[in-house]
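As stored in model.tsv (TSV, N, CA and C atoms and all ligand atoms):
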chain	number	residue	atom	x	y	z
A	7	MET	N	22.50	3.94	-28.90
A	7	MET	CA	21.40	3.13	-28.33
A	7	MET	C	20.21	4.02	-28.00
A	8	ARG	N	20.47	5.26	-27.53
A	8	ARG	CA	19.37	6.14	-27.14
A	8	ARG	C	18.97	7.04	-28.29
A	9	GLU	N	17.66	7.28	-28.40
A	9	GLU	CA	17.13	8.17	-29.42
A	9	GLU	C	16.89	9.53	-28.78
A	10	PRO	N	17.50	10.59	-29.31
A	10	PRO	CA	17.42	11.90	-28.64
A	10	PRO	C	15.99	12.43	-28.49
A	11	ASP	N	15.11	12.06	-29.41
A	11	ASP	CA	13.75	12.60	-29.34
A	11	ASP	C	12.76	11.67	-28.66
A	12	CYS	N	13.26	10.59	-28.05
A	12	CYS	CA	12.35	9.59	-27.47
A	12	CYS	C	12.11	9.90	-25.99
A	13	LEU	N	10.84	10.03	-25.63
A	13	LEU	CA	10.47	10.34	-24.25
A	13	LEU	C	11.02	9.30	-23.27
A	14	PHE	N	10.86	8.03	-23.60
A	14	PHE	CA	11.29	6.99	-22.65
A	14	PHE	C	12.82	6.93	-22.56
A	15	CYS	N	13.52	7.21	-23.67
A	15	CYS	CA	14.98	7.29	-23.57
A	15	CYS	C	15.39	8.44	-22.64
A	16	LYS	N	14.64	9.54	-22.69
A	16	LYS	CA	14.95	10.66	-21.80
A	16	LYS	C	14.67	10.30	-20.34
A	17	ILE	N	13.59	9.55	-20.11
A	17	ILE	CA	13.29	9.09	-18.74
A	17	ILE	C	14.39	8.16	-18.25
A	18	ILE	N	14.84	7.26	-19.13
A	18	ILE	CA	15.92	6.33	-18.76
A	18	ILE	C	17.20	7.10	-18.45
A	19	ALA	N	17.47	8.14	-19.24
A	19	ALA	CA	18.68	8.95	-19.03
A	19	ALA	C	18.55	9.87	-17.81
A	20	GLY	N	17.31	10.03	-17.32
A	20	GLY	CA	17.10	10.88	-16.14
A	20	GLY	C	16.89	12.34	-16.46
A	21	THR	N	16.77	12.68	-17.74
A	21	THR	CA	16.58	14.09	-18.10
A	21	THR	C	15.12	14.50	-18.03
A	22	ILE	N	14.21	13.53	-17.97
A	22	ILE	CA	12.79	13.81	-17.70
A	22	ILE	C	12.43	13.00	-16.46
A	23	PRO	N	11.77	13.62	-15.48
A	23	PRO	CA	11.49	12.91	-14.23
A	23	PRO	C	10.40	11.84	-14.41
A	24	SER	N	10.44	10.85	-13.54
A	24	SER	CA	9.40	9.82	-13.53
A	24	SER	C	9.32	9.25	-12.13
A	25	GLU	N	8.23	8.54	-11.87
A	25	GLU	CA	8.10	7.81	-10.62
A	25	GLU	C	8.59	6.40	-10.87
A	26	MET	N	9.85	6.17	-10.56
A	26	MET	CA	10.46	4.88	-10.87
A	26	MET	C	10.30	3.92	-9.69
A	27	LEU	N	9.79	2.72	-9.98
A	27	LEU	CA	9.54	1.74	-8.93
A	27	LEU	C	10.58	0.64	-8.90
A	28	TYR	N	11.23	0.44	-10.03
A	28	TYR	CA	12.18	-0.68	-10.14
A	28	TYR	C	13.12	-0.37	-11.29
A	29	SER	N	14.33	-0.83	-11.17
A	29	SER	CA	15.31	-0.62	-12.23
A	29	SER	C	16.37	-1.71	-12.14
A	30	ASP	N	16.78	-2.23	-13.27
A	30	ASP	CA	17.94	-3.13	-13.28
A	30	ASP	C	18.73	-2.86	-14.56
A	31	ASP	N	19.64	-3.75	-14.91
A	31	ASP	CA	20.50	-3.46	-16.06
A	31	ASP	C	19.76	-3.57	-17.39
A	32	GLN	N	18.55	-4.15	-17.38
A	32	GLN	CA	17.83	-4.35	-18.64
A	32	GLN	C	16.58	-3.50	-18.79
A	33	VAL	N	15.92	-3.17	-17.68
A	33	VAL	CA	14.64	-2.45	-17.75
A	33	VAL	C	14.53	-1.41	-16.65
A	34	ILE	N	13.58	-0.48	-16.88
A	34	ILE	CA	13.09	0.34	-15.77
A	34	ILE	C	11.58	0.12	-15.68
A	35	VAL	N	11.02	0.38	-14.50
A	35	VAL	CA	9.57	0.29	-14.30
A	35	VAL	C	9.12	1.59	-13.68
A	36	ILE	N	8.16	2.27	-14.37
A	36	ILE	CA	7.67	3.56	-13.88
A	36	ILE	C	6.16	3.51	-13.75
A	37	LYS	N	5.62	4.46	-12.99
A	37	LYS	CA	4.16	4.62	-12.94
A	37	LYS	C	3.71	5.37	-14.19
A	38	ASP	N	2.62	4.90	-14.81
A	38	ASP	CA	2.07	5.62	-15.95
A	38	ASP	C	1.53	6.97	-15.47
A	39	ILE	N	1.81	8.02	-16.25
A	39	ILE	CA	1.43	9.38	-15.86
A	39	ILE	C	-0.08	9.59	-15.93
A	40	ASN	N	-0.77	8.75	-16.67
A	40	ASN	CA	-2.22	8.87	-16.87
A	40	ASN	C	-2.87	7.51	-16.61
A	41	PRO	N	-2.89	7.09	-15.33
A	41	PRO	CA	-3.26	5.70	-15.03
A	41	PRO	C	-4.69	5.35	-15.45
A	42	GLN	N	-4.81	4.16	-16.04
A	42	GLN	CA	-6.11	3.67	-16.49
A	42	GLN	C	-6.72	2.67	-15.50
A	43	ALA	N	-6.06	2.46	-14.39
A	43	ALA	CA	-6.55	1.58	-13.33
A	43	ALA	C	-5.81	1.97	-12.06
A	44	GLU	N	-6.24	1.38	-10.94
A	44	GLU	CA	-5.61	1.71	-9.66
A	44	GLU	C	-4.09	1.52	-9.73
A	45	VAL	N	-3.67	0.42	-10.33
A	45	VAL	CA	-2.24	0.20	-10.59
A	45	VAL	C	-2.02	0.24	-12.10
A	46	HIS	N	-1.11	1.06	-12.54
A	46	HIS	CA	-0.78	1.13	-13.97
A	46	HIS	C	0.70	1.46	-14.09
A	47	LEU	N	1.47	0.43	-14.36
A	47	LEU	CA	2.92	0.57	-14.49
A	47	LEU	C	3.34	0.35	-15.93
A	48	LEU	N	4.51	0.85	-16.27
A	48	LEU	CA	5.11	0.61	-17.58
A	48	LEU	C	6.47	-0.04	-17.37
A	49	VAL	N	6.65	-1.19	-18.01
A	49	VAL	CA	7.96	-1.86	-18.00
A	49	VAL	C	8.64	-1.51	-19.32
A	50	ILE	N	9.80	-0.85	-19.21
A	50	ILE	CA	10.44	-0.26	-20.38
A	50	ILE	C	11.87	-0.78	-20.50
A	51	PRO	N	12.19	-1.45	-21.62
A	51	PRO	CA	13.59	-1.86	-21.79
A	51	PRO	C	14.50	-0.66	-21.90
A	52	ARG	N	15.71	-0.78	-21.36
A	52	ARG	CA	16.68	0.32	-21.48
A	52	ARG	C	17.08	0.54	-22.94
A	53	GLU	N	17.11	-0.53	-23.71
A	53	GLU	CA	17.45	-0.40	-25.13
A	53	GLU	C	16.28	0.23	-25.88
A	54	HIS	N	16.60	1.16	-26.78
A	54	HIS	CA	15.54	1.77	-27.60
A	54	HIS	C	15.13	0.80	-28.70
A	55	ILE	N	14.05	0.05	-28.43
A	55	ILE	CA	13.44	-0.84	-29.42
A	55	ILE	C	12.10	-0.19	-29.75
A	56	VAL	N	11.80	0.01	-31.02
A	56	VAL	CA	10.63	0.79	-31.39
A	56	VAL	C	9.33	0.08	-30.99
A	57	SER	N	9.23	-1.18	-31.32
A	57	SER	CA	7.99	-1.93	-31.02
A	57	SER	C	8.28	-3.42	-31.13
A	58	LEU	N	7.25	-4.23	-30.89
A	58	LEU	CA	7.40	-5.68	-31.04
A	58	LEU	C	7.91	-6.05	-32.42
A	59	LYS	N	7.56	-5.23	-33.42
A	59	LYS	CA	7.94	-5.55	-34.80
A	59	LYS	C	9.44	-5.50	-35.02
A	60	GLU	N	10.16	-4.80	-34.16
A	60	GLU	CA	11.61	-4.65	-34.32
A	60	GLU	C	12.39	-5.68	-33.50
A	61	LEU	N	11.68	-6.58	-32.83
A	61	LEU	CA	12.40	-7.58	-32.03
A	61	LEU	C	13.10	-8.58	-32.93
A	62	ASP	N	14.27	-9.04	-32.48
A	62	ASP	CA	14.92	-10.17	-33.14
A	62	ASP	C	15.48	-11.10	-32.06
A	63	ALA	N	16.17	-12.13	-32.49
A	63	ALA	CA	16.62	-13.16	-31.54
A	63	ALA	C	17.54	-12.58	-30.46
A	64	SER	N	18.19	-11.46	-30.75
A	64	SER	CA	19.09	-10.86	-29.75
A	64	SER	C	18.32	-10.33	-28.54
A	65	HIS	N	16.99	-10.21	-28.69
A	65	HIS	CA	16.17	-9.69	-27.59
A	65	HIS	C	15.50	-10.79	-26.77
A	66	ASP	N	15.78	-12.03	-27.08
A	66	ASP	CA	15.07	-13.13	-26.41
A	66	ASP	C	15.28	-13.11	-24.89
A	67	THR	N	16.51	-12.88	-24.46
A	67	THR	CA	16.78	-12.87	-23.02
A	67	THR	C	16.05	-11.72	-22.35
A	68	LEU	N	16.09	-10.56	-22.99
A	68	LEU	CA	15.39	-9.38	-22.46
A	68	LEU	C	13.89	-9.64	-22.34
A	69	MET	N	13.28	-10.20	-23.37
A	69	MET	CA	11.83	-10.39	-23.35
A	69	MET	C	11.43	-11.44	-22.31
A	70	ALA	N	12.26	-12.47	-22.16
A	70	ALA	CA	11.98	-13.46	-21.11
A	70	ALA	C	12.10	-12.80	-19.73
A	71	HIS	N	13.07	-11.95	-19.58
A	71	HIS	CA	13.27	-11.23	-18.32
A	71	HIS	C	12.03	-10.39	-18.00
A	72	ILE	N	11.52	-9.67	-19.01
A	72	ILE	CA	10.33	-8.83	-18.79
A	72	ILE	C	9.13	-9.70	-18.41
A	73	LEU	N	8.91	-10.78	-19.14
A	73	LEU	CA	7.74	-11.62	-18.85
A	73	LEU	C	7.81	-12.19	-17.44
A	74	ARG	N	9.01	-12.57	-17.01
A	74	ARG	CA	9.12	-13.16	-15.67
A	74	ARG	C	9.09	-12.12	-14.57
A	75	LEU	N	9.40	-10.87	-14.95
A	75	LEU	CA	9.34	-9.78	-13.96
A	75	LEU	C	7.90	-9.37	-13.66
A	76	LEU	N	7.03	-9.46	-14.67
A	76	LEU	CA	5.66	-8.94	-14.52
A	76	LEU	C	4.90	-9.50	-13.31
A	77	PRO	N	4.84	-10.81	-13.12
A	77	PRO	CA	4.10	-11.30	-11.94
A	77	PRO	C	4.74	-10.87	-10.62
A	78	LYS	N	6.05	-10.69	-10.61
A	78	LYS	CA	6.70	-10.22	-9.37
A	78	LYS	C	6.27	-8.78	-9.07
A	79	LEU	N	6.23	-7.95	-10.11
A	79	LEU	CA	5.79	-6.56	-9.91
A	79	LEU	C	4.34	-6.53	-9.44
A	80	ALA	N	3.51	-7.37	-10.07
A	80	ALA	CA	2.09	-7.41	-9.71
A	80	ALA	C	1.95	-7.80	-8.24
A	81	GLU	N	2.72	-8.77	-7.81
A	81	GLU	CA	2.65	-9.20	-6.41
A	81	GLU	C	3.07	-8.05	-5.49
A	82	GLN	N	4.14	-7.36	-5.87
A	82	GLN	CA	4.60	-6.22	-5.04
A	82	GLN	C	3.55	-5.13	-4.95
A	83	GLN	N	2.72	-5.02	-5.98
A	83	GLN	CA	1.66	-4.01	-6.00
A	83	GLN	C	0.40	-4.49	-5.30
A	84	GLY	N	0.42	-5.71	-4.78
A	84	GLY	CA	-0.72	-6.24	-4.05
A	84	GLY	C	-1.82	-6.78	-4.95
A	85	LEU	N	-1.48	-7.10	-6.19
A	85	LEU	CA	-2.51	-7.57	-7.13
A	85	LEU	C	-2.67	-9.09	-7.02
A	86	SER	N	-3.14	-9.52	-5.85
A	86	SER	CA	-3.22	-10.96	-5.59
A	86	SER	C	-4.29	-11.64	-6.43
A	87	GLU	N	-5.27	-10.87	-6.93
A	87	GLU	CA	-6.35	-11.46	-7.73
A	87	GLU	C	-5.98	-11.60	-9.20
A	88	GLY	N	-4.90	-10.95	-9.60
A	88	GLY	CA	-4.48	-11.04	-10.99
A	88	GLY	C	-4.21	-9.67	-11.58
A	89	PHE	N	-3.81	-9.67	-12.82
A	89	PHE	CA	-3.41	-8.41	-13.47
A	89	PHE	C	-3.55	-8.56	-14.98
A	90	ARG	N	-3.47	-7.43	-15.66
A	90	ARG	CA	-3.55	-7.41	-17.13
A	90	ARG	C	-2.27	-6.80	-17.69
A	91	THR	N	-1.79	-7.38	-18.78
A	91	THR	CA	-0.64	-6.80	-19.48
A	91	THR	C	-1.06	-6.45	-20.90
A	92	ILE	N	-0.56	-5.33	-21.39
A	92	ILE	CA	-0.90	-4.85	-22.73
A	92	ILE	C	0.37	-4.35	-23.41
A	93	ILE	N	0.54	-4.72	-24.67
A	93	ILE	CA	1.60	-4.14	-25.50
A	93	ILE	C	0.93	-3.60	-26.76
A	94	ASN	N	0.91	-2.29	-26.91
A	94	ASN	CA	0.36	-1.68	-28.12
A	94	ASN	C	1.46	-1.62	-29.17
A	95	THR	N	1.10	-2.01	-30.38
A	95	THR	CA	2.10	-2.07	-31.46
A	95	THR	C	1.61	-1.29	-32.68
A	96	GLY	N	2.34	-0.22	-33.00
A	96	GLY	CA	1.99	0.59	-34.17
A	96	GLY	C	0.78	1.49	-33.91
A	97	ARG	N	0.63	2.48	-34.80
A	97	ARG	CA	-0.48	3.42	-34.61
A	97	ARG	C	-1.82	2.69	-34.58
A	98	GLY	N	-1.97	1.68	-35.43
A	98	GLY	CA	-3.23	0.92	-35.49
A	98	GLY	C	-3.49	0.14	-34.22
A	99	GLY	N	-2.44	-0.13	-33.45
A	99	GLY	CA	-2.58	-0.83	-32.18
A	99	GLY	C	-2.66	0.10	-30.99
A	100	GLY	N	-2.70	1.40	-31.27
A	100	GLY	CA	-2.82	2.37	-30.18
A	100	GLY	C	-1.50	2.79	-29.58
A	101	GLN	N	-0.39	2.43	-30.24
A	101	GLN	CA	0.91	2.85	-29.69
A	101	GLN	C	1.12	4.34	-29.92
A	102	VAL	N	1.49	5.03	-28.86
A	102	VAL	CA	1.71	6.47	-28.91
A	102	VAL	C	3.19	6.79	-28.72
A	103	ILE	N	3.85	6.02	-27.89
A	103	ILE	CA	5.28	6.22	-27.65
A	103	ILE	C	6.04	5.06	-28.30
A	104	PHE	N	6.90	5.42	-29.25
A	104	PHE	CA	7.52	4.39	-30.09
A	104	PHE	C	8.85	3.95	-29.50
A	105	HIS	N	8.75	3.48	-28.28
A	105	HIS	CA	9.81	2.79	-27.55
A	105	HIS	C	9.08	1.68	-26.82
A	106	LEU	N	9.38	0.45	-27.17
A	106	LEU	CA	8.65	-0.72	-26.66
A	106	LEU	C	8.42	-0.63	-25.15
A	107	HIS	N	7.21	-0.95	-24.72
A	107	HIS	CA	6.90	-0.98	-23.29
A	107	HIS	C	5.72	-1.90	-23.06
A	108	VAL	N	5.67	-2.46	-21.87
A	108	VAL	CA	4.57	-3.33	-21.46
A	108	VAL	C	3.78	-2.62	-20.37
A	109	HIS	N	2.47	-2.47	-20.59
A	109	HIS	CA	1.60	-1.92	-19.56
A	109	HIS	C	1.24	-3.05	-18.60
A	110	LEU	N	1.30	-2.74	-17.30
A	110	LEU	CA	0.85	-3.67	-16.26
A	110	LEU	C	-0.27	-2.97	-15.49
A	111	LEU	N	-1.46	-3.53	-15.57
A	111	LEU	CA	-2.65	-2.89	-14.97
A	111	LEU	C	-3.34	-3.85	-14.01
A	112	GLY	N	-3.96	-3.26	-12.99
A	112	GLY	CA	-4.74	-4.09	-12.08
A	112	GLY	C	-5.37	-3.27	-10.97
A	113	GLY	N	-6.11	-3.97	-10.13
A	113	GLY	CA	-6.78	-3.31	-9.01
A	113	GLY	C	-8.11	-2.71	-9.44
A	114	ARG	N	-8.56	-1.74	-8.66
A	114	ARG	CA	-9.85	-1.10	-8.95
A	114	ARG	C	-9.80	-0.37	-10.29
A	115	ASN	N	-10.96	-0.25	-10.90
A	115	ASN	CA	-11.12	0.52	-12.14
A	115	ASN	C	-10.40	-0.10	-13.33
A	116	LEU	N	-10.13	-1.39	-13.28
A	116	LEU	CA	-9.52	-2.02	-14.46
A	116	LEU	C	-10.52	-1.93	-15.61
A	117	PRO	N	-10.13	-1.28	-16.72
A	117	PRO	CA	-11.09	-1.09	-17.81
A	117	PRO	C	-11.33	-2.37	-18.60
A	118	GLY	N	-12.45	-2.41	-19.28
A	118	GLY	CA	-12.68	-3.49	-20.23
A	118	GLY	C	-11.96	-3.17	-21.53
A	119	PHE	N	-12.08	-4.03	-22.49
A	119	PHE	CA	-11.50	-3.75	-23.80
A	119	PHE	C	-12.44	-2.89	-24.59
A	120	GLY	N	-11.91	-1.71	-25.07
A	120	GLY	CA	-12.59	-0.76	-25.92
A	120	GLY	C	-14.03	-1.03	-26.10
B	201	LIG	P1	1.19	3.51	-25.61
B	201	LIG	O1	-0.14	4.04	-26.06
B	201	LIG	O2	1.19	2.02	-25.45
B	201	LIG	O3	2.33	4.03	-26.45
B	201	LIG	O4	1.36	4.04	-24.13
B	201	LIG	C1	2.07	5.17	-23.77
B	201	LIG	C2	1.80	5.39	-22.31
B	201	LIG	O5	2.78	6.27	-21.80
B	201	LIG	C3	0.44	6.03	-22.01
B	201	LIG	O6	-0.30	5.17	-21.13
B	201	LIG	C4	0.80	7.35	-21.34
B	201	LIG	O7	-0.09	7.71	-20.29
B	201	LIG	C5	2.19	7.07	-20.81
B	201	LIG	N1	3.03	8.24	-20.62
B	201	LIG	C6	3.19	9.29	-21.46
B	201	LIG	N2	4.09	10.17	-20.97
B	201	LIG	C7	4.52	9.65	-19.79
B	201	LIG	C8	5.44	10.10	-18.79
B	201	LIG	N3	6.14	11.25	-18.92
B	201	LIG	N4	5.61	9.32	-17.69
B	201	LIG	C9	4.92	8.18	-17.55
B	201	LIG	N5	4.06	7.69	-18.46
B	201	LIG	C10	3.85	8.42	-19.57
B	202	ZN	ZN	13.66	5.32	-26.69
Can the structure in the file be given as C-alpha cells, please?
Ligand code: AMP
Ligand code: ZN
Amino acid sequence: MREPDCLFCKIIAGTIPSEMLYSDDQVIVIKDINPQAEVHLLVIPREHIVSLKELDASHDTLMAHILRLLPKLAEQQGLSEGFRTIINTGRGGGQVIFHLHVHLLGGRNLPGFG
C-alpha cells in the first residue's frame, strides 16, 4: 500500500515529521509546510493513490469521507466566513507530490487564482 519513495507515505508512516492536526483510519490532516494562506492544511488519504485519475469505485467511501470532513476542519480552524479546497492533478495541474491530497485554505492572505 505504501510507496517507499513517496513523501506523504513517509509522513503517514511517521518516518518524516509533520504537524498533524487530525488522523483517523482513512486520512491524516497536516499543516502545509509552505502555507499559501493563514490556514493551509492538507487532507491526505492513508492509501497511496497517485491522483484523482487513479480513483475507482472502491474509493467512493473514502472520497465522501474527505468531502464531509473538510467543512468540519474549516470550522475547527475558525474559518466561519468560508474556505477554499484545491486538488491539483498531474504536472499540468500543478501537482508536485504524487499522492492524492486536498488543500484546505482560508483566512487572511487567501490567494486569487493564478
Ligand atoms: P501539490 O502541488 O498539490 O502536489 O501540493 C503539494 C504540497 O505539499 C505543497 O503545497 C507543499 O508546500 C506541500 N509540502 C511539501 N512537503 C511537505 C511536508 N514535508 N510537509 C507538509 N507539506 C509539504
Ligand atoms: Zn504515498
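All residues, whether protein, DNA or RNA, that have an atom at most 5 Å from ligand ZN 202 (chain B) (counting all atoms listed in the file) are Glu9, Cys12, Phe14, Cys15, His54 and His105 of chain A.
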Please check which residues have atoms at most 8 Å from (2.8, 1.3, -12.8) in the file's coordinates, counting all atoms listed in the file, and write them as an NGL selection string.
:A and (25 or 27 or 35-39 or 41 or 44-49 or 109-111)
Apply DSSP to the backbone of this structure and, from region 58-103 of chain A, keep only the residues in helix (DSSP H, G or I); write these as a VMD selection string.
chain A and resid 58 to 60 63 to 82 97 to 99
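Distance check against ligand LIG 201 (chain B) using only N, CA and C atoms and all ligand atoms: of A:Tyr28, A:Ile17, A:Pro51, A:Glu60, the minimum falls on A:Ile17.
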Which residues sit within 6 Å of ligand LIG 201 (chain B), counting only C-alpha atoms and all ligand atoms, listed as a CSV table (one decimal) with N, CA and C atoms, in the frame of the given file?
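As a result, pocket.csv now contains:
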chain,number,residue,atom,x,y,z
A,24,SER,N,10.4,10.8,-13.5
A,24,SER,CA,9.4,9.8,-13.5
A,24,SER,C,9.3,9.2,-12.1
A,37,LYS,N,5.6,4.5,-13.0
A,37,LYS,CA,4.2,4.6,-12.9
A,37,LYS,C,3.7,5.4,-14.2
A,38,ASP,N,2.6,4.9,-14.8
A,38,ASP,CA,2.1,5.6,-16.0
A,38,ASP,C,1.5,7.0,-15.5
A,39,ILE,N,1.8,8.0,-16.2
A,39,ILE,CA,1.4,9.4,-15.9
A,39,ILE,C,-0.1,9.6,-15.9
A,40,ASN,N,-0.8,8.8,-16.7
A,40,ASN,CA,-2.2,8.9,-16.9
A,40,ASN,C,-2.9,7.5,-16.6
A,94,ASN,N,0.9,-2.3,-26.9
A,94,ASN,CA,0.4,-1.7,-28.1
A,94,ASN,C,1.5,-1.6,-29.2
A,100,GLY,N,-2.7,1.4,-31.3
A,100,GLY,CA,-2.8,2.4,-30.2
A,100,GLY,C,-1.5,2.8,-29.6
A,101,GLN,N,-0.4,2.4,-30.2
A,101,GLN,CA,0.9,2.8,-29.7
A,101,GLN,C,1.1,4.3,-29.9
A,102,VAL,N,1.5,5.0,-28.9
A,102,VAL,CA,1.7,6.5,-28.9
A,102,VAL,C,3.2,6.8,-28.7
A,103,ILE,N,3.8,6.0,-27.9
A,103,ILE,CA,5.3,6.2,-27.6
A,103,ILE,C,6.0,5.1,-28.3
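Going from CA of Arg97 (chain A) to CA of Leu85 (chain A) covers 29.7 Å.
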State, in Å with one decimal place, the distance from CA of Leu76 (chain A) to CA of Arg52 (chain A).
16.0 Å
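Separating atom N of Leu75 (chain A) from CA of Ile92 (chain A) is a distance of 14.2 Å.
Residues within 9 Å of Phe89 (chain A), counting only C-alpha atoms and excluding same-chain residues fewer than 5 positions away, are Pro77, Ala80, Leu110, Leu111, Gly112, Gly113 and Leu116 of chain A.
With only C-alpha atoms as the basis for measurement, A:Gln32 is the residue among A:Thr21, A:Ser86, A:Gln32, A:Gln42 that approaches Ala70 (chain A) most closely.
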Would you save region 88-107 of chain A to a file, keeping N, CA and C atoms, as a PDB file, in the first residue's frame?
ATOM      1  N   GLY A  88     -15.849  30.983   5.410  1.00  0.00           N
ATOM      2  CA  GLY A  88     -15.737  30.082   4.271  1.00  0.00           C
ATOM      3  C   GLY A  88     -14.301  29.653   4.035  1.00  0.00           C
ATOM      4  N   PHE A  89     -14.132  28.819   3.045  1.00  0.00           N
ATOM      5  CA  PHE A  89     -12.798  28.246   2.791  1.00  0.00           C
ATOM      6  C   PHE A  89     -12.710  27.817   1.334  1.00  0.00           C
ATOM      7  N   ARG A  90     -11.493  27.518   0.916  1.00  0.00           N
ATOM      8  CA  ARG A  90     -11.245  27.055  -0.458  1.00  0.00           C
ATOM      9  C   ARG A  90     -10.603  25.680  -0.418  1.00  0.00           C
ATOM     10  N   THR A  91     -11.027  24.813  -1.329  1.00  0.00           N
ATOM     11  CA  THR A  91     -10.388  23.500  -1.465  1.00  0.00           C
ATOM     12  C   THR A  91      -9.814  23.384  -2.867  1.00  0.00           C
ATOM     13  N   ILE A  92      -8.648  22.764  -2.957  1.00  0.00           N
ATOM     14  CA  ILE A  92      -7.961  22.602  -4.242  1.00  0.00           C
ATOM     15  C   ILE A  92      -7.408  21.182  -4.321  1.00  0.00           C
ATOM     16  N   ILE A  93      -7.586  20.555  -5.478  1.00  0.00           N
ATOM     17  CA  ILE A  93      -6.919  19.279  -5.763  1.00  0.00           C
ATOM     18  C   ILE A  93      -6.169  19.458  -7.079  1.00  0.00           C
ATOM     19  N   ASN A  94      -4.859  19.447  -7.020  1.00  0.00           N
ATOM     20  CA  ASN A  94      -4.051  19.535  -8.235  1.00  0.00           C
ATOM     21  C   ASN A  94      -3.869  18.128  -8.795  1.00  0.00           C
ATOM     22  N   THR A  95      -4.055  18.004 -10.095  1.00  0.00           N
ATOM     23  CA  THR A  95      -3.980  16.677 -10.728  1.00  0.00           C
ATOM     24  C   THR A  95      -3.015  16.705 -11.905  1.00  0.00           C
ATOM     25  N   GLY A  96      -1.929  15.942 -11.769  1.00  0.00           N
ATOM     26  CA  GLY A  96      -0.940  15.854 -12.844  1.00  0.00           C
ATOM     27  C   GLY A  96      -0.053  17.094 -12.909  1.00  0.00           C
ATOM     28  N   ARG A  97       1.067  16.933 -13.625  1.00  0.00           N
ATOM     29  CA  ARG A  97       2.004  18.062 -13.718  1.00  0.00           C
ATOM     30  C   ARG A  97       1.334  19.296 -14.288  1.00  0.00           C
ATOM     31  N   GLY A  98       0.464  19.102 -15.281  1.00  0.00           N
ATOM     32  CA  GLY A  98      -0.233  20.235 -15.911  1.00  0.00           C
ATOM     33  C   GLY A  98      -1.187  20.926 -14.961  1.00  0.00           C
ATOM     34  N   GLY A  99      -1.603  20.219 -13.913  1.00  0.00           N
ATOM     35  CA  GLY A  99      -2.490  20.803 -12.909  1.00  0.00           C
ATOM     36  C   GLY A  99      -1.749  21.331 -11.699  1.00  0.00           C
ATOM     37  N   GLY A 100      -0.417  21.296 -11.773  1.00  0.00           N
ATOM     38  CA  GLY A 100       0.379  21.830 -10.666  1.00  0.00           C
ATOM     39  C   GLY A 100       0.655  20.831  -9.564  1.00  0.00           C
ATOM     40  N   GLN A 101       0.362  19.555  -9.822  1.00  0.00           N
ATOM     41  CA  GLN A 101       0.641  18.553  -8.777  1.00  0.00           C
ATOM     42  C   GLN A 101       2.145  18.313  -8.682  1.00  0.00           C
ATOM     43  N   VAL A 102       2.648  18.370  -7.465  1.00  0.00           N
ATOM     44  CA  VAL A 102       4.078  18.182  -7.215  1.00  0.00           C
ATOM     45  C   VAL A 102       4.313  16.877  -6.447  1.00  0.00           C
ATOM     46  N   ILE A 103       3.399  16.550  -5.559  1.00  0.00           N
ATOM     47  CA  ILE A 103       3.511  15.309  -4.788  1.00  0.00           C
ATOM     48  C   ILE A 103       2.437  14.343  -5.291  1.00  0.00           C
ATOM     49  N   PHE A 104       2.910  13.204  -5.794  1.00  0.00           N
ATOM     50  CA  PHE A 104       2.001  12.297  -6.493  1.00  0.00           C
ATOM     51  C   PHE A 104       1.427  11.259  -5.536  1.00  0.00           C
ATOM     52  N   HIS A 105       0.774  11.795  -4.525  1.00  0.00           N
ATOM     53  CA  HIS A 105      -0.050  11.051  -3.575  1.00  0.00           C
ATOM     54  C   HIS A 105      -1.234  11.980  -3.340  1.00  0.00           C
ATOM     55  N   LEU A 106      -2.407  11.535  -3.741  1.00  0.00           N
ATOM     56  CA  LEU A 106      -3.609  12.377  -3.720  1.00  0.00           C
ATOM     57  C   LEU A 106      -3.747  13.148  -2.405  1.00  0.00           C
ATOM     58  N   HIS A 107      -4.090  14.417  -2.506  1.00  0.00           N
ATOM     59  CA  HIS A 107      -4.324  15.231  -1.311  1.00  0.00           C
ATOM     60  C   HIS A 107      -5.223  16.396  -1.676  1.00  0.00           C
TER      61      HIS A 107
END
